[in-house]
file start_25.csv (CSV, C-alpha atoms)
chain,number,residue,atom,x,y,z
A,1,MET,CA,98.5,132.0,128.6
A,2,ARG,CA,95.5,129.6,128.9
A,3,ALA,CA,96.3,126.0,129.6
A,4,VAL,CA,94.7,122.8,130.9
A,5,VAL,CA,96.3,122.2,134.3
A,6,LEU,CA,95.9,119.1,136.3
A,7,THR,CA,95.7,119.9,140.0
A,8,ASP,CA,94.1,116.5,140.8
A,9,HIS,CA,93.6,113.2,139.0
A,10,GLY,CA,90.4,111.3,138.2
A,11,ASP,CA,87.6,111.4,135.6
A,12,ALA,CA,87.2,114.1,133.0
A,13,ASP,CA,85.8,116.6,135.5
A,14,VAL,CA,89.3,117.3,136.9
A,15,LEU,CA,90.2,119.0,133.6
A,16,SER,CA,89.9,122.8,133.7
A,17,VAL,CA,91.4,125.7,131.7
A,18,VAL,CA,93.3,128.2,133.8
A,19,THR,CA,95.8,131.0,133.2
A,20,VAL,CA,99.5,130.3,133.9
A,21,PRO,CA,102.7,132.2,133.1
A,22,ASP,CA,104.0,132.1,129.5
A,23,PRO,CA,107.0,129.8,129.0
A,24,GLU,CA,110.3,131.1,127.7
A,25,PRO,CA,112.4,129.3,125.2
A,26,GLY,CA,115.9,128.0,126.1
A,27,PRO,CA,118.9,128.5,123.7
A,28,GLU,CA,118.0,125.6,121.4
A,29,GLU,CA,114.2,125.9,121.8
A,30,VAL,CA,111.4,127.7,120.0
A,31,LEU,CA,108.2,129.1,121.4
A,32,VAL,CA,105.2,127.9,119.5
A,33,ALA,CA,101.8,129.5,119.5
A,34,VAL,CA,99.6,126.3,119.5
A,35,ARG,CA,96.8,126.3,116.9
A,36,ALA,CA,95.6,122.8,117.7
A,37,THR,CA,96.5,119.8,119.8
A,38,ALA,CA,95.2,116.2,119.7
A,39,LEU,CA,94.0,113.6,122.1
A,40,ASN,CA,95.9,110.4,122.8
A,41,ARG,CA,95.2,107.5,125.1
A,42,ALA,CA,98.2,108.5,127.2
A,43,ASP,CA,96.4,111.8,128.0
A,44,LEU,CA,93.5,109.9,129.5
A,45,LEU,CA,95.9,107.7,131.6
A,46,GLN,CA,97.8,110.8,132.8
A,47,ARG,CA,94.5,112.5,133.8
A,48,MET,CA,93.8,109.4,135.9
A,49,GLY,CA,97.2,109.6,137.6
A,50,ARG,CA,98.4,106.4,135.9
A,51,TYR,CA,100.9,107.7,133.3
A,52,PRO,CA,102.8,110.8,134.5
A,53,GLU,CA,104.9,112.8,132.2
A,54,PRO,CA,108.5,111.4,132.2
A,55,GLY,CA,111.3,113.6,133.8
A,56,PRO,CA,111.3,116.0,136.6
A,57,PRO,CA,107.8,117.4,137.6
A,58,ARG,CA,107.0,120.8,136.0
A,59,ALA,CA,105.6,123.7,137.9
A,60,TYR,CA,102.2,123.0,136.2
A,61,GLU,CA,101.1,119.6,135.0
A,62,ILE,CA,99.8,120.3,131.5
A,63,PRO,CA,98.9,117.2,129.4
A,64,GLY,CA,99.1,117.0,125.7
A,65,MET,CA,101.7,115.2,123.5
A,66,GLU,CA,101.4,116.7,120.1
A,67,LEU,CA,100.7,120.1,118.5
A,68,ALA,CA,100.7,122.2,115.4
A,69,GLY,CA,101.1,126.0,115.4
A,70,THR,CA,103.4,128.9,114.5
A,71,VAL,CA,106.8,129.9,115.7
A,72,VAL,CA,106.6,133.2,117.7
A,73,ALA,CA,110.0,133.3,119.4
A,74,ARG,CA,113.3,131.4,119.3
A,75,GLY,CA,116.4,130.8,121.4
A,76,VAL,CA,119.7,132.3,120.6
A,77,ARG,CA,121.2,129.1,119.1
A,78,VAL,CA,118.1,128.1,117.0
A,79,SER,CA,119.0,127.8,113.3
A,80,ASP,CA,116.2,125.7,111.8
A,81,TRP,CA,113.2,128.0,112.3
A,82,ASN,CA,112.1,131.6,111.7
A,83,ILE,CA,109.3,133.6,113.3
A,84,GLY,CA,106.1,132.7,111.5
A,85,ASP,CA,107.1,129.2,110.4
A,86,ARG,CA,104.3,126.6,110.5
A,87,VAL,CA,105.4,123.7,112.7
A,88,MET,CA,104.2,120.5,114.3
A,89,GLY,CA,105.6,117.9,116.6
A,90,ILE,CA,105.5,115.4,119.5
A,91,VAL,CA,106.3,116.4,123.0
A,92,ALA,CA,106.3,114.6,126.4
A,93,GLY,CA,103.6,116.9,127.7
A,94,GLY,CA,102.4,120.5,127.8
A,95,ALA,CA,100.5,120.8,124.5
A,96,TYR,CA,97.1,121.6,126.0
A,97,ALA,CA,98.2,125.2,126.1
A,98,GLU,CA,98.3,128.3,124.0
A,99,LEU,CA,102.1,128.4,124.1
A,100,ILE,CA,104.8,125.7,124.4
A,101,VAL,CA,108.5,125.5,124.1
A,102,VAL,CA,110.0,122.7,122.1
A,103,HIS,CA,113.6,121.7,121.1
A,104,GLU,CA,114.0,122.9,117.5
A,105,ARG,CA,115.0,119.5,116.3
A,106,GLN,CA,111.8,117.9,117.6
A,107,LEU,CA,109.7,120.0,115.3
A,108,LEU,CA,108.6,119.3,111.7
A,109,PRO,CA,107.4,121.7,109.0
A,110,VAL,CA,103.6,121.5,108.4
A,111,PRO,CA,103.2,120.1,104.8
A,112,ASN,CA,101.9,122.6,102.3
A,113,ALA,CA,99.0,120.3,101.5
A,114,VAL,CA,97.8,120.3,105.1
A,115,GLY,CA,96.3,123.2,107.0
A,116,VAL,CA,98.0,124.0,110.3
A,117,ALA,CA,94.7,123.5,112.2
A,118,ASP,CA,94.7,119.9,110.9
A,119,ALA,CA,98.4,119.1,111.2
A,120,ALA,CA,98.0,118.3,114.9
A,121,ALA,CA,96.5,115.0,113.7
A,122,ILE,CA,99.8,113.9,112.2
A,123,PRO,CA,102.9,113.8,114.5
A,124,GLU,CA,102.1,111.2,117.2
A,125,VAL,CA,100.2,108.6,115.2
A,126,PHE,CA,102.2,108.8,111.9
A,127,ILE,CA,105.6,108.7,113.6
A,128,THR,CA,104.4,105.9,115.9
A,129,ALA,CA,103.0,103.9,113.1
A,130,TRP,CA,106.0,104.3,110.8
A,131,ASP,CA,108.5,103.7,113.6
A,132,ALA,CA,106.7,100.6,114.7
A,133,MET,CA,106.2,99.0,111.3
A,134,VAL,CA,109.2,100.1,109.4
A,135,VAL,CA,112.0,101.0,111.8
A,136,GLN,CA,111.3,98.3,114.4
A,137,GLY,CA,109.1,95.8,112.5
A,138,GLY,CA,111.2,95.8,109.3
A,139,LEU,CA,108.2,96.2,106.9
A,140,THR,CA,109.3,96.6,103.3
A,141,PRO,CA,107.4,96.7,99.9
A,142,GLY,CA,105.7,93.5,99.0
A,143,ARG,CA,105.5,92.2,102.6
A,144,SER,CA,102.4,92.0,104.8
A,145,VAL,CA,101.3,93.6,108.0
A,146,LEU,CA,98.4,92.9,110.4
A,147,VAL,CA,97.2,96.1,112.1
A,148,HIS,CA,94.9,95.8,115.1
A,149,ALA,CA,92.5,98.7,115.9
A,150,GLY,CA,92.6,99.9,112.4
A,151,ALA,CA,90.2,102.8,113.0
A,152,SER,CA,92.2,104.2,115.9
A,153,GLY,CA,94.6,107.2,115.3
A,154,VAL,CA,97.7,104.9,115.0
A,155,GLY,CA,95.7,102.4,113.1
A,156,THR,CA,94.5,104.8,110.4
A,157,ALA,CA,98.0,106.1,110.1
A,158,ALA,CA,99.5,102.6,109.9
A,159,ILE,CA,97.1,101.5,107.1
A,160,GLN,CA,98.1,104.5,105.0
A,161,VAL,CA,101.9,104.3,105.6
A,162,ALA,CA,101.9,100.5,104.8
A,163,LYS,CA,100.0,101.1,101.6
A,164,ALA,CA,102.2,104.0,100.6
A,165,LEU,CA,105.2,101.7,101.2
A,166,GLY,CA,103.7,99.0,98.9
A,167,ALA,CA,102.8,96.5,101.6
A,168,ARG,CA,99.7,94.3,102.0
A,169,VAL,CA,97.5,95.3,104.9
A,170,ILE,CA,95.1,93.2,107.0
A,171,THR,CA,93.4,95.1,109.7
A,172,THR,CA,90.9,94.5,112.5
A,173,ALA,CA,88.0,96.8,113.4
A,174,SER,CA,84.5,96.8,114.9
A,175,THR,CA,81.5,96.4,112.7
A,176,THR,CA,80.7,100.2,112.4
A,177,LYS,CA,84.4,101.0,111.4
A,178,VAL,CA,85.0,98.3,108.8
A,179,ASP,CA,84.1,100.6,105.9
A,180,ALA,CA,86.4,103.4,107.1
A,181,CYS,CA,89.4,101.1,107.2
A,182,ARG,CA,88.6,99.8,103.8
A,183,ALA,CA,88.4,103.3,102.4
A,184,LEU,CA,91.9,104.0,103.7
A,185,GLY,CA,93.2,101.3,101.6
A,186,ALA,CA,93.3,98.2,103.8
A,187,ASP,CA,93.3,95.0,101.6
A,188,VAL,CA,91.5,92.9,104.2
A,189,VAL,CA,89.3,94.2,107.0
A,190,VAL,CA,88.3,91.8,109.7
A,191,ASP,CA,85.3,92.5,111.8
A,192,TYR,CA,86.7,91.2,115.1
A,193,THR,CA,83.2,90.9,116.6
A,194,GLN,CA,82.3,88.2,114.1
A,195,ASP,CA,85.5,86.8,112.4
A,196,ASP,CA,88.8,85.3,113.3
A,197,PHE,CA,91.8,87.5,112.4
A,198,VAL,CA,94.2,84.5,112.4
A,199,GLU,CA,92.2,82.7,109.7
A,200,ALA,CA,92.0,86.0,107.7
A,201,ALA,CA,95.7,86.5,108.0
A,202,TRP,CA,96.6,83.0,106.8
A,203,GLU,CA,94.1,83.1,104.0
A,204,SER,CA,95.3,86.6,102.8
A,205,THR,CA,98.9,85.5,102.8
A,206,ARG,CA,98.2,82.0,101.3
A,207,GLY,CA,99.3,80.2,104.3
A,208,ARG,CA,102.5,82.0,104.8
A,209,GLY,CA,101.6,84.2,107.7
A,210,VAL,CA,102.1,88.0,108.1
A,211,ASP,CA,105.5,89.5,108.3
A,212,VAL,CA,104.6,92.2,110.9
A,213,VAL,CA,101.9,92.6,113.5
A,214,ILE,CA,101.2,96.1,114.9
A,215,ASP,CA,99.1,95.6,118.1
A,216,LEU,CA,97.5,98.3,120.1
A,217,VAL,CA,95.1,95.9,121.9
A,218,GLY,CA,97.2,93.5,123.9
A,219,GLY,CA,95.6,91.0,126.3
A,220,ASP,CA,94.4,87.8,124.6
A,221,TYR,CA,95.4,89.1,121.2
A,222,LEU,CA,99.0,88.1,121.8
A,223,ALA,CA,98.3,84.4,121.4
A,224,GLY,CA,96.5,85.0,118.1
A,225,ASN,CA,99.3,87.3,116.9
A,226,VAL,CA,101.8,84.5,117.3
A,227,ARG,CA,99.6,82.1,115.3
A,228,ALA,CA,99.1,84.7,112.5
A,229,LEU,CA,102.8,85.5,112.2
A,230,ARG,CA,105.2,83.9,109.6
A,231,THR,CA,108.4,82.3,110.6
A,232,GLY,CA,110.9,85.0,111.5
A,233,GLY,CA,108.2,87.7,111.7
A,234,THR,CA,107.9,90.5,114.2
A,235,ILE,CA,105.1,91.5,116.6
A,236,VAL,CA,105.4,95.2,117.7
A,237,GLN,CA,103.3,95.9,120.8
A,238,VAL,CA,102.3,99.6,120.7
A,239,GLY,CA,99.4,99.6,123.2
A,240,VAL,CA,97.4,97.5,125.7
A,241,LEU,CA,93.8,98.7,125.3
A,242,ALA,CA,92.6,95.3,126.4
A,243,GLY,CA,95.1,95.0,129.3
A,244,GLY,CA,98.8,94.4,129.8
A,245,ARG,CA,98.6,90.8,131.0
A,246,ALA,CA,98.6,87.9,128.5
A,247,GLN,CA,99.4,84.3,128.3
A,248,ILE,CA,101.5,83.0,125.5
A,249,ASP,CA,102.5,79.5,124.3
A,250,LEU,CA,106.2,79.6,124.1
A,251,GLY,CA,106.1,76.3,122.2
A,252,ALA,CA,104.3,78.2,119.4
A,253,LEU,CA,106.7,81.2,119.6
A,254,ILE,CA,110.0,79.5,119.6
A,255,PRO,CA,109.7,77.5,116.3
A,256,LYS,CA,108.7,80.6,114.5
A,257,ARG,CA,112.0,82.4,115.6
A,258,ALA,CA,109.7,85.4,116.1
A,259,HIS,CA,110.5,88.8,117.6
A,260,LEU,CA,108.3,90.4,120.2
A,261,VAL,CA,109.0,94.1,120.5
A,262,GLY,CA,107.6,96.6,123.0
A,263,THR,CA,107.7,100.3,121.9
A,264,VAL,CA,106.9,103.7,123.3
A,265,LEU,CA,107.9,107.2,122.1
A,266,ARG,CA,107.1,109.3,125.1
A,267,ALA,CA,109.7,107.9,127.5
A,268,ARG,CA,112.6,108.0,125.0
A,269,PRO,CA,115.6,110.3,125.6
A,270,LEU,CA,115.6,113.6,123.8
A,271,GLU,CA,118.4,112.4,121.4
A,272,GLU,CA,116.3,109.4,120.3
A,273,LYS,CA,113.2,111.5,119.8
A,274,ILE,CA,115.2,113.9,117.6
A,275,ALA,CA,116.6,111.1,115.6
A,276,VAL,CA,113.3,109.5,114.8
A,277,THR,CA,111.7,112.8,114.1
A,278,GLN,CA,114.4,113.8,111.6
A,279,ARG,CA,114.4,110.4,109.9
A,280,PHE,CA,110.6,110.7,109.6
A,281,ARG,CA,111.0,114.2,108.1
A,282,THR,CA,113.2,112.8,105.3
A,283,GLU,CA,111.5,109.5,104.6
A,284,VAL,CA,107.8,110.0,105.2
A,285,LEU,CA,106.8,113.6,105.4
A,286,PRO,CA,107.0,114.1,101.6
A,287,TRP,CA,104.2,111.6,101.2
A,288,PHE,CA,101.8,114.2,102.6
A,289,GLY,CA,102.7,116.6,99.8
A,290,SER,CA,102.1,113.9,97.2
A,291,GLY,CA,98.7,113.0,98.6
A,292,ARG,CA,99.7,109.4,99.6
A,293,LEU,CA,99.1,110.3,103.2
A,294,ARG,CA,96.5,112.5,104.9
A,295,PRO,CA,95.5,113.2,108.5
A,296,VAL,CA,92.3,111.4,109.5
A,297,ILE,CA,90.2,113.7,111.8
A,298,ASP,CA,87.1,112.4,113.5
A,299,ARG,CA,85.9,115.5,115.5
A,300,ARG,CA,87.1,118.8,116.9
A,301,PHE,CA,86.5,120.5,120.2
A,302,PRO,CA,87.4,123.9,121.6
A,303,LEU,CA,89.9,124.0,124.4
A,304,ALA,CA,87.2,125.0,126.8
A,305,ALA,CA,85.4,121.7,126.1
A,306,ILE,CA,88.5,119.6,126.9
A,307,ALA,CA,86.5,117.5,129.4
A,308,SER,CA,83.9,116.7,126.7
A,309,ALA,CA,86.7,115.7,124.3
A,310,HIS,CA,88.1,113.2,126.8
A,311,ARG,CA,84.6,111.8,127.5
A,312,TYR,CA,84.1,111.3,123.7
A,313,MET,CA,87.4,109.5,123.4
A,314,GLU,CA,86.4,107.2,126.2
A,315,THR,CA,83.4,106.0,124.1
A,316,ASN,CA,85.8,104.6,121.5
A,317,ALA,CA,83.5,105.9,118.8
A,318,ASN,CA,86.1,107.9,116.9
A,319,VAL,CA,87.7,106.9,113.6
A,320,GLY,CA,91.1,108.7,113.5
A,321,LYS,CA,92.1,111.7,115.6
A,322,ILE,CA,90.2,113.9,118.0
A,323,LEU,CA,91.5,117.5,117.8
A,324,VAL,CA,91.3,120.3,120.2
A,325,ASP,CA,91.4,123.9,118.8
A,326,VAL,CA,93.5,126.1,121.0
A,327,GLY,CA,94.4,129.3,119.1
A,328,ASP,CA,93.2,131.2,116.1

call {"tool": "encode", "arguments": {"input": "start_25.csv", "output": "structure tokens"}}
result
Amino acid sequence: MRAVVLTDHGDADVLSVVTVPDPEPGPEEVLVAVRATALNRADLLQRMGRYPEPGPPRAYEIPGMELAGTVVARGVRVSDWNIGDRVMGIVAGGAYAELIVVHERQLLPVPNAVGVADAAAIPEVFITAWDAMVVQGGLTPGRSVLVHAGASGVGTAAIQVAKALGARVITTASTTKVDACRALGADVVVDYTQDDFVEAAWESTRGRGVDVVIDLVGGDYLAGNVRALRTGGTIVQVGVLAGGRAQIDLGALIPKRAHLVGTVLRARPLEEKIAVTQRFRTEVLPWFGSGRLRPVIDRRFPLAAIASAHRYMETNANVGKILVDVGD
């Protein structure tokens, strides 16, 4: 099969497509012919040698954390899937390839309303957004959420999930991405290059503060997040685009009885990944069929242009997901 294999770490030039042996499914795994995969910030970090795939090293270091495709073989104990089924899912790595083996319970059916080529834009960002906001942040109908980086993959998913849930959404974005966030349903869009998101959060909630903050930025945003939060609210730290170090006024955090939660999907044990995937399948996946949710795709690249795809992500110009077409 063709796959992107890392034999060195560095800039996008280290990415190349080579031929490696086809994987074989274990007893509870299925073999998926990958139609498309999608880029994530973790892929860029892995390419640079700063975020290795968890677990024992594989024979070939193949990046890629999500996929959509078709089941072409299955292990002897697999019961959920048949040959030809359209599936999608999150993996710890290996999705930049024509074939991949995945535990059967980590896969989701591709919604009928979504083409399999577009479904690769769903698993990582929608599960991350829903898990962060609802499972860990406790967001419920009628409450409010502040979503930073609203035009990112996770941000575009978070806006949609929160609105489908019946929550009020305040989000931040750069000037050129404000309209895109508003079109996704955000109630208030703050141009962070010009306006103060803390003031916007307080004004939008009539001085109460937001119930949940979903932050992909980190750095200096933490102090503002505390100020924007209501008493008893929750900040869920999903990423650190602006850096992992921050200063915080504990004197502001303590009176609010606030929760600060760090989260990541990739490093979780298999059992936890299966649990969150199956809960997402029950609670959220039907919203794609009803049209309440949709994948947001910025641009597509062929697998042979994987280096160009990485360079494009590094420009931060995208709104939503960058897809890589792998198979037919």

call {"tool": "residues_around", "arguments": {"input": "start_25.csv", "residues": "Val110 of chain A", "least_positions_apart": "4", "cutoff": "8 Å", "atoms": "all atoms listed in the file", "output": "JSON, numbers by chain"}}
result
{"A": [68, 86, 87, 88, 114, 115, 116, 119]}

call {"tool": "closest_atom_pairs", "arguments": {"input": "start_25.csv", "of": "segment 53-165 of chain A", "to": "segment 16-35 of chain A", "cutoff": "9 Å", "atoms": "all atoms listed in the file", "output": "Markdown table"}}
result
| residue | atom | partner | partner_atom | distance |
| --- | --- | --- | --- | --- |
| A:Tyr60 | CA | A:Val20 | CA | 8.1 |
| A:Leu67 | CA | A:Val34 | CA | 6.4 |
| A:Ala68 | CA | A:Arg35 | CA | 5.9 |
| A:Gly69 | CA | A:Val34 | CA | 4.4 |
| A:Thr70 | CA | A:Ala33 | CA | 5.3 |
| A:Val71 | CA | A:Val32 | CA | 4.6 |
| A:Val72 | CA | A:Leu31 | CA | 5.7 |
| A:Ala73 | CA | A:Leu31 | CA | 5.0 |
| A:Arg74 | CA | A:Val30 | CA | 4.2 |
| A:Gly75 | CA | A:Pro27 | CA | 4.1 |
| A:Val76 | CA | A:Pro27 | CA | 5.0 |
| A:Arg77 | CA | A:Pro27 | CA | 5.2 |
| A:Val78 | CA | A:Glu28 | CA | 5.1 |
| A:Ser79 | CA | A:Glu28 | CA | 8.5 |
| A:Trp81 | CA | A:Val30 | CA | 7.9 |
| A:Val87 | CA | A:Val32 | CA | 8.0 |
| A:Ala95 | CA | A:Val34 | CA | 7.5 |
| A:Tyr96 | CA | A:Val34 | CA | 8.4 |
| A:Ala97 | CA | A:Val34 | CA | 6.8 |
| A:Glu98 | CA | A:Val34 | CA | 5.1 |
| A:Leu99 | CA | A:Ala33 | CA | 4.7 |
| A:Ile100 | CA | A:Val32 | CA | 5.4 |
| A:Val101 | CA | A:Leu31 | CA | 4.5 |
| A:Val102 | CA | A:Glu29 | CA | 5.3 |
| A:His103 | CA | A:Glu29 | CA | 4.3 |
| A:Glu104 | CA | A:Glu29 | CA | 5.2 |
| A:Arg105 | CA | A:Glu29 | CA | 8.5 |
| A:Val116 | CA | A:Arg35 | CA | 7.1 |
| A:Ala117 | CA | A:Arg35 | CA | 5.9 |
| A:Ala120 | CA | A:Arg35 | CA | 8.3 |

call {"tool": "closest_atom_pairs", "arguments": {"input": "start_25.csv", "of": "segment 143-207 of chain A", "to": "segment 223-237 of chain A", "cutoff": "7 Å", "atoms": "all atoms listed in the file", "output": "JSON lines"}}
result
{"residue": "A:Val198", "atom": "CA", "partner": "A:Ala228", "partner_atom": "CA", "distance": 4.9}
{"residue": "A:Ala201", "atom": "CA", "partner": "A:Ala228", "partner_atom": "CA", "distance": 5.9}
{"residue": "A:Trp202", "atom": "CA", "partner": "A:Ala228", "partner_atom": "CA", "distance": 6.5}

call {"tool": "residues_near_point", "arguments": {"input": "start_25.csv", "point": "(97.1, 97.8, 120.0)", "cutoff": "7 Å", "atoms": "all atoms listed in the file", "output": "list in words"}}
result
His148, Ala149, Ile214, Asp215, Leu216, Val217, Gly218, Gln237, Val238, Gly239, Val240 and Leu241 of chain A

call {"tool": "atom_distance", "arguments": {"input": "start_25.csv", "atom1": "atom CA of Gln194 of chain A", "atom2": "atom CA of Gly166 of chain A"}}
result
28.4 Å

call {"tool": "residues_around", "arguments": {"input": "start_25.csv", "residues": "Gly49 of chain A", "least_positions_apart": "4", "cutoff": "10 Å", "atoms": "all atoms listed in the file", "output": "PyMOL selection string"}}
result
chain A and resi 6+8-11+43-45+53

call {"tool": "atom_distance", "arguments": {"input": "start_25.csv", "atom1": "atom CA of Gly219 of chain A", "atom2": "atom CA of Pro269 of chain A"}}
result
27.8 Å

call {"tool": "residues_around", "arguments": {"input": "start_25.csv", "residues": "segment 186-190 of chain A", "least_positions_apart": "6", "cutoff": "10 Å", "atoms": "only C-alpha atoms", "output": "ChimeraX atom specification"}}
result
/A:146-148,150,156,158-160,162-163,167-175,177-180,196-201,204

call {"tool": "write_last_selection", "arguments": {"input": "start_25.csv", "atoms": "C-alpha atoms", "output": "tab-separated table (two decimals), in the frame of the given file"}}
result
chain	number	residue	atom	x	y	z
A	146	LEU	CA	98.40	92.90	110.40
A	147	VAL	CA	97.20	96.10	112.10
A	148	HIS	CA	94.90	95.80	115.10
A	150	GLY	CA	92.60	99.90	112.40
A	156	THR	CA	94.50	104.80	110.40
A	158	ALA	CA	99.50	102.60	109.90
A	159	ILE	CA	97.10	101.50	107.10
A	160	GLN	CA	98.10	104.50	105.00
A	162	ALA	CA	101.90	100.50	104.80
A	163	LYS	CA	100.00	101.10	101.60
A	167	ALA	CA	102.80	96.50	101.60
A	168	ARG	CA	99.70	94.30	102.00
A	169	VAL	CA	97.50	95.30	104.90
A	170	ILE	CA	95.10	93.20	107.00
A	171	THR	CA	93.40	95.10	109.70
A	172	THR	CA	90.90	94.50	112.50
A	173	ALA	CA	88.00	96.80	113.40
A	174	SER	CA	84.50	96.80	114.90
A	175	THR	CA	81.50	96.40	112.70
A	177	LYS	CA	84.40	101.00	111.40
A	178	VAL	CA	85.00	98.30	108.80
A	179	ASP	CA	84.10	100.60	105.90
A	180	ALA	CA	86.40	103.40	107.10
A	196	ASP	CA	88.80	85.30	113.30
A	197	PHE	CA	91.80	87.50	112.40
A	198	VAL	CA	94.20	84.50	112.40
A	199	GLU	CA	92.20	82.70	109.70
A	200	ALA	CA	92.00	86.00	107.70
A	201	ALA	CA	95.70	86.50	108.00
A	204	SER	CA	95.30	86.60	102.80

call {"tool": "atom_distance", "arguments": {"input": "start_25.csv", "atom1": "atom CA of Gly185 of chain A", "atom2": "atom CA of Leu293 of chain A"}}
result
10.9 Å

call {"tool": "residues_around", "arguments": {"input": "start_25.csv", "residues": "Ala307 of chain A", "least_positions_apart": "3", "cutoff": "6 Å", "atoms": "only C-alpha atoms", "output": "list of chain:residue names"}}
result
A:Ala12, A:Leu15, A:His310

call {"tool": "write_last_selection", "arguments": {"input": "start_25.csv", "atoms": "C-alpha atoms", "output": "PDB file, in the frame of the given file"}}
result
ATOM      1  CA  ALA A  12      87.200 114.100 133.000  1.00  0.00           C
ATOM      2  CA  LEU A  15      90.200 119.000 133.600  1.00  0.00           C
ATOM      3  CA  HIS A 310      88.100 113.200 126.800  1.00  0.00           C
TER       4      HIS A 310
END

call {"tool": "closest_residue", "arguments": {"input": "start_25.csv", "among": "A:Thr7, A:Gln46, A:Thr282, A:Asn40", "to": "Tyr312 of chain A", "atoms": "only C-alpha atoms"}}
result
A:Asn40

call {"tool": "closest_residue", "arguments": {"input": "start_25.csv", "among": "A:Gly243, A:Pro302, A:Gly262, A:Gly142", "to": "Val324 of chain A", "atoms": "only C-alpha atoms"}}
result
A:Pro302

call {"tool": "residues_near_point", "arguments": {"input": "start_25.csv", "point": "(91.2, 118.4, 121.9)", "cutoff": "10 Å", "atoms": "all atoms listed in the file", "output": "PyMOL selection string"}}
result
chain A and resi 36-40+64+95-96+120+299-310+313+321-326

call {"tool": "residues_around", "arguments": {"input": "start_25.csv", "residues": "Thr277 of chain A", "least_positions_apart": "5", "cutoff": "8 Å", "atoms": "all atoms listed in the file", "output": "compact mmCIF listing (two decimals) with C-alpha atoms, in the coordinates of the input"}}
result
# COMPACT_ATOMS: atom_id res chain seq x y z
CA ARG A 105 115.00 119.50 116.30
CA GLN A 106 111.80 117.90 117.60
CA LEU A 107 109.70 120.00 115.30
CA LEU A 108 108.60 119.30 111.70
CA ILE A 127 105.60 108.70 113.60

call {"tool": "closest_residue", "arguments": {"input": "start_25.csv", "among": "A:Gly55, A:Val210, A:Glu61, A:Glu66", "to": "Phe126 of chain A", "atoms": "all atoms listed in the file"}}
result
A:Glu66

call {"tool": "closest_residue", "arguments": {"input": "start_25.csv", "among": "A:Val154, A:Ile122, A:Leu139, A:Ile62", "to": "Ala3 of chain A", "atoms": "all atoms listed in the file"}}
result
A:Ile62

call {"tool": "closest_residue", "arguments": {"input": "start_25.csv", "among": "A:Pro56, A:Arg266, A:Ile83, A:Tyr221", "to": "Tyr192 of chain A", "atoms": "all atoms listed in the file"}}
result
A:Tyr221
